[in-house]
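As stored in upload.csv (CSV, C-alpha atoms):
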```csv
chain,number,residue,atom,x,y,z
A,1,MET,CA,117.8,108.8,98.1
A,2,ILE,CA,118.9,112.5,98.4
A,3,SER,CA,115.4,113.9,97.5
A,4,ILE,CA,112.1,113.2,96.0
A,5,GLY,CA,109.3,115.1,94.2
A,6,ASN,CA,105.7,114.7,93.1
A,7,ASP,CA,102.8,116.6,91.7
A,8,ILE,CA,99.1,116.0,91.0
A,9,VAL,CA,96.7,117.7,88.6
A,10,ASP,CA,92.9,117.3,88.9
A,11,LEU,CA,91.9,117.5,85.2
A,12,THR,CA,88.3,118.1,86.1
A,13,ALA,CA,89.4,121.4,87.7
A,14,ILE,CA,91.5,122.9,84.8
A,15,ASP,CA,90.3,125.4,82.2
A,16,ARG,CA,90.8,123.3,79.1
A,17,HIS,CA,90.0,126.1,76.7
A,18,ARG,CA,92.5,128.5,78.3
A,19,THR,CA,95.1,125.7,78.3
A,20,GLN,CA,94.9,125.4,74.6
A,21,GLN,CA,95.7,129.1,74.0
A,22,LYS,CA,99.2,129.9,73.0
A,23,ALA,CA,99.4,132.8,75.4
A,24,PHE,CA,99.0,130.3,78.3
A,25,TYR,CA,100.9,127.2,77.2
A,26,SER,CA,103.9,129.1,75.8
A,27,LYS,CA,104.7,130.1,79.4
A,28,ILE,CA,105.1,126.4,80.2
A,29,LEU,CA,106.4,124.8,77.1
A,30,SER,CA,109.3,125.8,74.9
A,31,ASP,CA,109.1,125.5,71.1
A,32,LYS,CA,111.1,122.2,71.3
A,33,GLU,CA,108.7,120.8,74.0
A,34,GLN,CA,105.7,121.7,71.8
A,35,GLN,CA,107.4,119.7,69.0
A,36,LEU,CA,107.4,116.7,71.3
A,37,TYR,CA,103.7,116.6,71.1
A,38,SER,CA,103.6,116.9,67.3
A,39,ARG,CA,105.9,113.9,67.1
A,40,SER,CA,104.0,112.0,69.7
A,41,SER,CA,102.5,108.7,68.6
A,42,SER,CA,99.7,109.1,71.2
A,43,ALA,CA,98.7,112.6,70.1
A,44,LYS,CA,95.4,111.4,68.8
A,45,GLN,CA,94.6,109.8,72.1
A,46,LEU,CA,96.1,112.4,74.4
A,47,PRO,CA,94.5,115.9,73.9
A,48,PHE,CA,97.0,118.8,73.8
A,49,GLU,CA,95.7,120.3,77.0
A,50,ILE,CA,96.5,117.1,78.9
A,51,PHE,CA,99.9,117.1,77.3
A,52,VAL,CA,100.5,120.7,78.6
A,53,TRP,CA,99.5,119.7,82.1
A,54,LEU,CA,101.6,116.5,81.9
A,55,LEU,CA,104.7,118.6,81.3
A,56,TRP,CA,103.6,121.1,84.0
A,57,SER,CA,103.3,118.3,86.4
A,58,ALA,CA,106.7,116.9,85.6
A,59,LYS,CA,108.3,120.4,85.9
A,60,GLU,CA,106.6,121.0,89.3
A,61,SER,CA,107.7,117.6,90.5
A,62,VAL,CA,111.4,118.3,89.5
A,63,TYR,CA,111.2,121.7,91.2
A,64,LYS,CA,110.1,120.0,94.5
A,65,PHE,CA,113.0,117.6,94.2
A,66,ALA,CA,115.6,120.3,93.5
A,67,LYS,CA,114.2,122.7,96.1
A,68,ARG,CA,115.4,120.4,98.9
A,69,ASN,CA,119.0,120.8,97.7
A,70,ASP,CA,118.8,124.4,96.5
A,71,PRO,CA,116.7,126.4,99.0
A,72,ASP,CA,116.9,129.6,97.0
A,73,LEU,CA,115.5,128.0,93.9
A,74,VAL,CA,112.5,129.8,92.3
A,75,PHE,CA,110.1,127.9,90.1
A,76,SER,CA,110.6,128.7,86.5
A,77,PRO,CA,108.9,126.2,84.1
A,78,ALA,CA,111.0,127.4,81.1
A,79,ARG,CA,114.3,126.5,82.9
A,80,ILE,CA,113.1,122.9,83.5
A,81,VAL,CA,113.6,121.2,80.2
A,82,ILE,CA,111.7,118.0,79.1
A,83,GLN,CA,114.3,116.1,77.0
A,84,SER,CA,112.2,113.0,76.1
A,85,ILE,CA,109.0,111.3,76.7
A,86,PHE,CA,108.4,107.5,76.5
A,87,GLU,CA,104.8,106.7,76.0
A,88,PRO,CA,102.9,103.6,77.0
A,89,GLU,CA,100.8,101.7,74.5
A,90,PHE,CA,97.2,102.7,75.1
A,91,SER,CA,94.1,103.3,73.0
A,92,GLU,CA,92.3,105.8,75.3
A,93,LEU,CA,92.6,107.1,78.8
A,94,GLU,CA,90.6,105.4,81.5
A,95,ASP,CA,88.9,106.8,84.5
A,96,PHE,CA,90.5,106.6,87.9
A,97,GLN,CA,88.5,103.6,89.1
A,98,ASN,CA,89.4,103.3,92.8
A,99,SER,CA,89.4,105.7,95.7
A,100,THR,CA,93.1,104.9,96.2
A,101,LEU,CA,96.0,103.5,94.2
A,102,GLU,CA,99.3,102.7,96.0
A,103,GLU,CA,102.5,100.9,94.9
A,104,ILE,CA,106.2,100.6,95.4
A,105,GLY,CA,107.9,101.4,92.1
A,106,PHE,CA,106.1,101.4,88.7
A,107,ALA,CA,106.6,97.9,87.3
A,108,SER,CA,102.9,97.1,87.6
A,109,VAL,CA,101.4,100.4,86.3
A,110,SER,CA,101.3,102.0,82.9
A,111,THR,CA,103.1,105.4,82.9
A,112,PHE,CA,104.5,108.2,80.7
A,113,ASN,CA,108.2,108.2,81.4
A,114,LEU,CA,110.0,111.6,81.1
A,115,GLU,CA,113.7,112.5,81.2
A,116,ILE,CA,114.2,116.1,82.3
A,117,ASN,CA,117.2,118.4,82.5
A,118,HIS,CA,117.5,121.2,85.0
A,119,LYS,CA,120.7,123.2,85.7
A,120,GLY,CA,122.8,120.5,84.3
A,121,ASN,CA,121.2,117.7,86.4
A,122,VAL,CA,119.1,114.9,84.9
A,123,TYR,CA,115.8,113.8,86.5
A,124,TYR,CA,113.4,111.0,85.7
A,125,SER,CA,109.6,111.2,86.2
A,126,ARG,CA,106.8,108.6,86.0
A,127,SER,CA,103.3,110.0,85.3
A,128,CYS,CA,100.1,108.1,85.8
A,129,ILE,CA,97.4,109.7,83.5
A,130,PHE,CA,93.7,109.0,83.8
A,131,ASN,CA,90.8,110.9,82.3
A,132,ASP,CA,90.4,112.8,85.6
A,133,LEU,CA,94.0,113.3,86.9
A,134,ILE,CA,97.7,113.3,86.3
A,135,ALA,CA,100.0,112.1,89.1
A,136,THR,CA,103.8,112.5,88.6
A,137,PHE,CA,106.7,111.2,90.7
A,138,THR,CA,110.3,112.2,90.2
A,139,GLY,CA,113.7,110.9,91.3
A,140,ASP,CA,117.3,111.0,90.1
A,141,LYS,CA,117.5,107.3,89.0
A,142,PRO,CA,115.8,106.0,85.7
A,143,HIS,CA,113.5,103.3,87.1
A,144,LEU,CA,112.3,104.9,90.4
A,145,GLU,CA,111.9,101.4,91.9
A,146,HIS,CA,112.7,102.9,95.3
A,147,ILE,CA,109.7,105.2,95.5
A,148,GLN,CA,106.6,104.2,97.4
A,149,TRP,CA,103.7,106.3,96.2
A,150,GLY,CA,99.9,106.7,96.5
A,151,ILE,CA,97.0,108.6,94.9
A,152,LYS,CA,93.7,109.2,96.7
A,153,LYS,CA,90.4,110.8,95.7
A,154,ILE,CA,88.9,113.0,98.4
A,155,HIS,CA,85.4,114.4,98.9
A,156,SER,CA,86.1,118.0,99.7
A,157,SER,CA,88.4,120.2,97.6
A,158,ASP,CA,88.9,123.2,99.8
A,159,ALA,CA,92.5,123.9,100.9
A,160,ALA,CA,92.1,122.8,104.5
A,161,SER,CA,90.5,119.5,103.5
A,162,GLN,CA,93.2,118.8,100.9
A,163,SER,CA,96.0,119.6,103.4
A,164,ALA,CA,94.5,117.4,106.1
A,165,ALA,CA,93.8,114.5,103.7
A,166,VAL,CA,97.2,114.3,102.2
A,167,ARG,CA,98.9,114.4,105.6
A,168,ALA,CA,96.7,111.7,107.0
A,169,PHE,CA,97.3,109.6,103.9
A,170,LEU,CA,101.0,109.9,104.2
A,171,LEU,CA,101.1,109.3,107.9
A,172,GLN,CA,99.0,106.2,107.6
A,173,ARG,CA,101.5,104.7,105.2
A,174,LEU,CA,104.5,105.7,107.3
A,175,ASN,CA,103.0,104.2,110.4
A,176,GLU,CA,102.4,100.9,108.5
A,177,ARG,CA,106.0,100.9,107.2
A,178,PHE,CA,107.4,101.6,110.6
A,179,PRO,CA,105.0,100.1,113.2
A,180,ASN,CA,107.4,100.7,116.1
A,181,LYS,CA,107.4,104.4,115.4
A,182,ALA,CA,104.0,105.6,116.6
A,183,ASP,CA,104.9,109.3,117.0
A,184,PHE,CA,105.4,110.5,113.4
A,185,THR,CA,104.4,114.0,112.6
A,186,ILE,CA,104.8,116.2,109.5
A,187,ASN,CA,106.4,119.6,109.7
A,188,LYS,CA,107.7,122.1,107.1
A,189,SER,CA,111.3,123.1,106.5
A,190,LEU,CA,112.1,126.8,106.4
A,191,VAL,CA,111.8,126.7,102.6
A,192,GLY,CA,108.6,124.7,102.5
A,193,TYR,CA,109.3,121.1,101.8
A,194,PRO,CA,107.9,118.5,104.2
A,195,VAL,CA,110.0,116.9,106.9
A,196,ILE,CA,109.0,114.0,109.1
A,197,LEU,CA,109.5,114.1,112.8
A,198,ASP,CA,109.8,111.1,115.2
A,199,GLY,CA,108.8,112.8,118.4
A,200,GLN,CA,111.0,115.9,118.6
A,201,ASN,CA,113.6,114.5,116.2
A,202,GLN,CA,113.7,115.1,112.5
A,203,THR,CA,114.1,111.9,110.5
A,204,ASP,CA,116.1,111.3,107.3
A,205,LEU,CA,112.9,110.2,105.5
A,206,LYS,CA,112.5,111.9,102.1
A,207,VAL,CA,108.8,112.6,101.4
A,208,SER,CA,106.8,114.8,99.0
A,209,PHE,CA,103.1,115.4,98.7
A,210,ALA,CA,100.7,117.2,96.5
A,211,HIS,CA,97.0,118.1,96.3
A,212,HIS,CA,94.8,119.7,93.7
A,213,GLY,CA,91.0,119.6,93.4
A,214,HIS,CA,89.6,116.3,94.6
A,215,TYR,CA,93.0,114.4,94.5
A,216,VAL,CA,96.0,114.1,96.8
A,217,ALA,CA,99.2,112.1,96.4
A,218,TYR,CA,102.3,111.3,98.3
A,219,ALA,CA,105.8,109.9,97.5
A,220,ILE,CA,108.2,108.3,100.0
A,221,GLY,CA,111.8,107.3,99.3
A,222,VAL,CA,112.3,103.6,100.3
```
Would you mind writing the file's structure down as structure tokens?
Amino acid sequence: MISIGNDIVDLTAIDRHRTQQKAFYSKILSDKEQQLYSRSSSAKQLPFEIFVWLLWSAKESVYKFAKRNDPDLVFSPARIVIQSIFEPEFSELEDFQNSTLEEIGFASVSTFNLEINHKGNVYYSRSCIFNDLIATFTGDKPHLEHIQWGIKKIHSSDAASQSAAVRAFLLQRLNERFPNKADFTINKSLVGYPVILDGQNQTDLKVSFAHHGHYVAYAIGV
């Protein structure tokens, strides 16, 4: 896996009224992307403001993926184009019931599946949507079966607590996957994406993490 990306949105922390205003959402969604919602079979169950943040989450996740390979890349939502959305069958969104949710791949969870184009490259995202959060994970293969991922609810939403919680969450999972490697640490590359060190040596592990409000999430290439 050459890269990986993820994003999370705490829907209890967004301004829903502002999100519904064209002056706000038109900076994120193109006219064609807005039409995806009008054609959506789940429009009655998925409020427009959640649709806006779904697409934002996918675009942010693609940006994180691409940034690893293009260090000079600047985030521009308008240039990351959602081509299609496959929607799961559901009657209404549910609450995030557990304090954590972790899986490898997405065969056992219901997700919105997005195909995205950016600078001539095609990306694929899986988004878990609950009443209180959106968590999106992105790769360059359609099924994303080689992504290990997790979502966790945290008590404190200040920046320091978010940062500490998501790093501890990720390191716990890495240490379980590689029990003979007890010296993992997380550092940042010069352009900001996370890198995993084993002692003093940088590993080839591709990881991404995100935090917003009371939720954190990680993604690991497996």
**OP:** Compile the contact shell of range 120-137 of chain A as a PyMOL selection string: residues with an atom at most 6 Å away, counting all atoms listed in the file, same-chain residues fewer than 2 positions apart removed.
**Re:** chain A and resi 5-12+93-96+111-118+139-140+142
Subject >> Point (92.5, 112.1, 102.7) neighbourhood (9 Å, all atoms listed in the file) written as a list of chain:residue names >> reply: A:Lys152, A:Lys153, A:Ile154, A:His155, A:Ser161, A:Gln162, A:Ser163, A:Ala164, A:Ala165, A:Val166, A:Arg167, A:Ala168, A:Phe169, A:Leu170, A:Tyr215, A:Val216
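Nearest residue to Ser156 in chain A among A:Lys27, A:His214, A:Leu55, A:Leu144 is A:His214, counting all atoms listed in the file.
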**OP:** Give the answer as one residue: which of A:Gly199, A:Pro88, A:Gly105, A:Gly192 has the shortest atom-to-atom distance to Arg68 in chain A, using only C-alpha atoms?
**Re:**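 Residue with the minimum atom-to-atom distance to Arg68 in chain A: A:Gly192.
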Original post:
Looking at A:Ala58, A:Ala217, A:Ile2, A:Ser76, which one is nearest to Thr100 in chain A, with distances taken over all atoms listed in the file?
Top reply: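 Of A:Ala58, A:Ala217, A:Ile2, A:Ser76, the one nearest Thr100 in chain A is A:Ala217, counting all atoms listed in the file.
What separates CA of Leu46 in chain A from CA of Gln148 in chain A is a distance of 26.6 Å.
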**OP:** Would you mind listing what lies within 10 Å of range 177-188 of chain A as a ChimeraX atom specification, with all atoms listed in the file counted and same-chain residues fewer than 6 positions away left out?
**Re:** /A:167-168,170-171,194-203,207,222
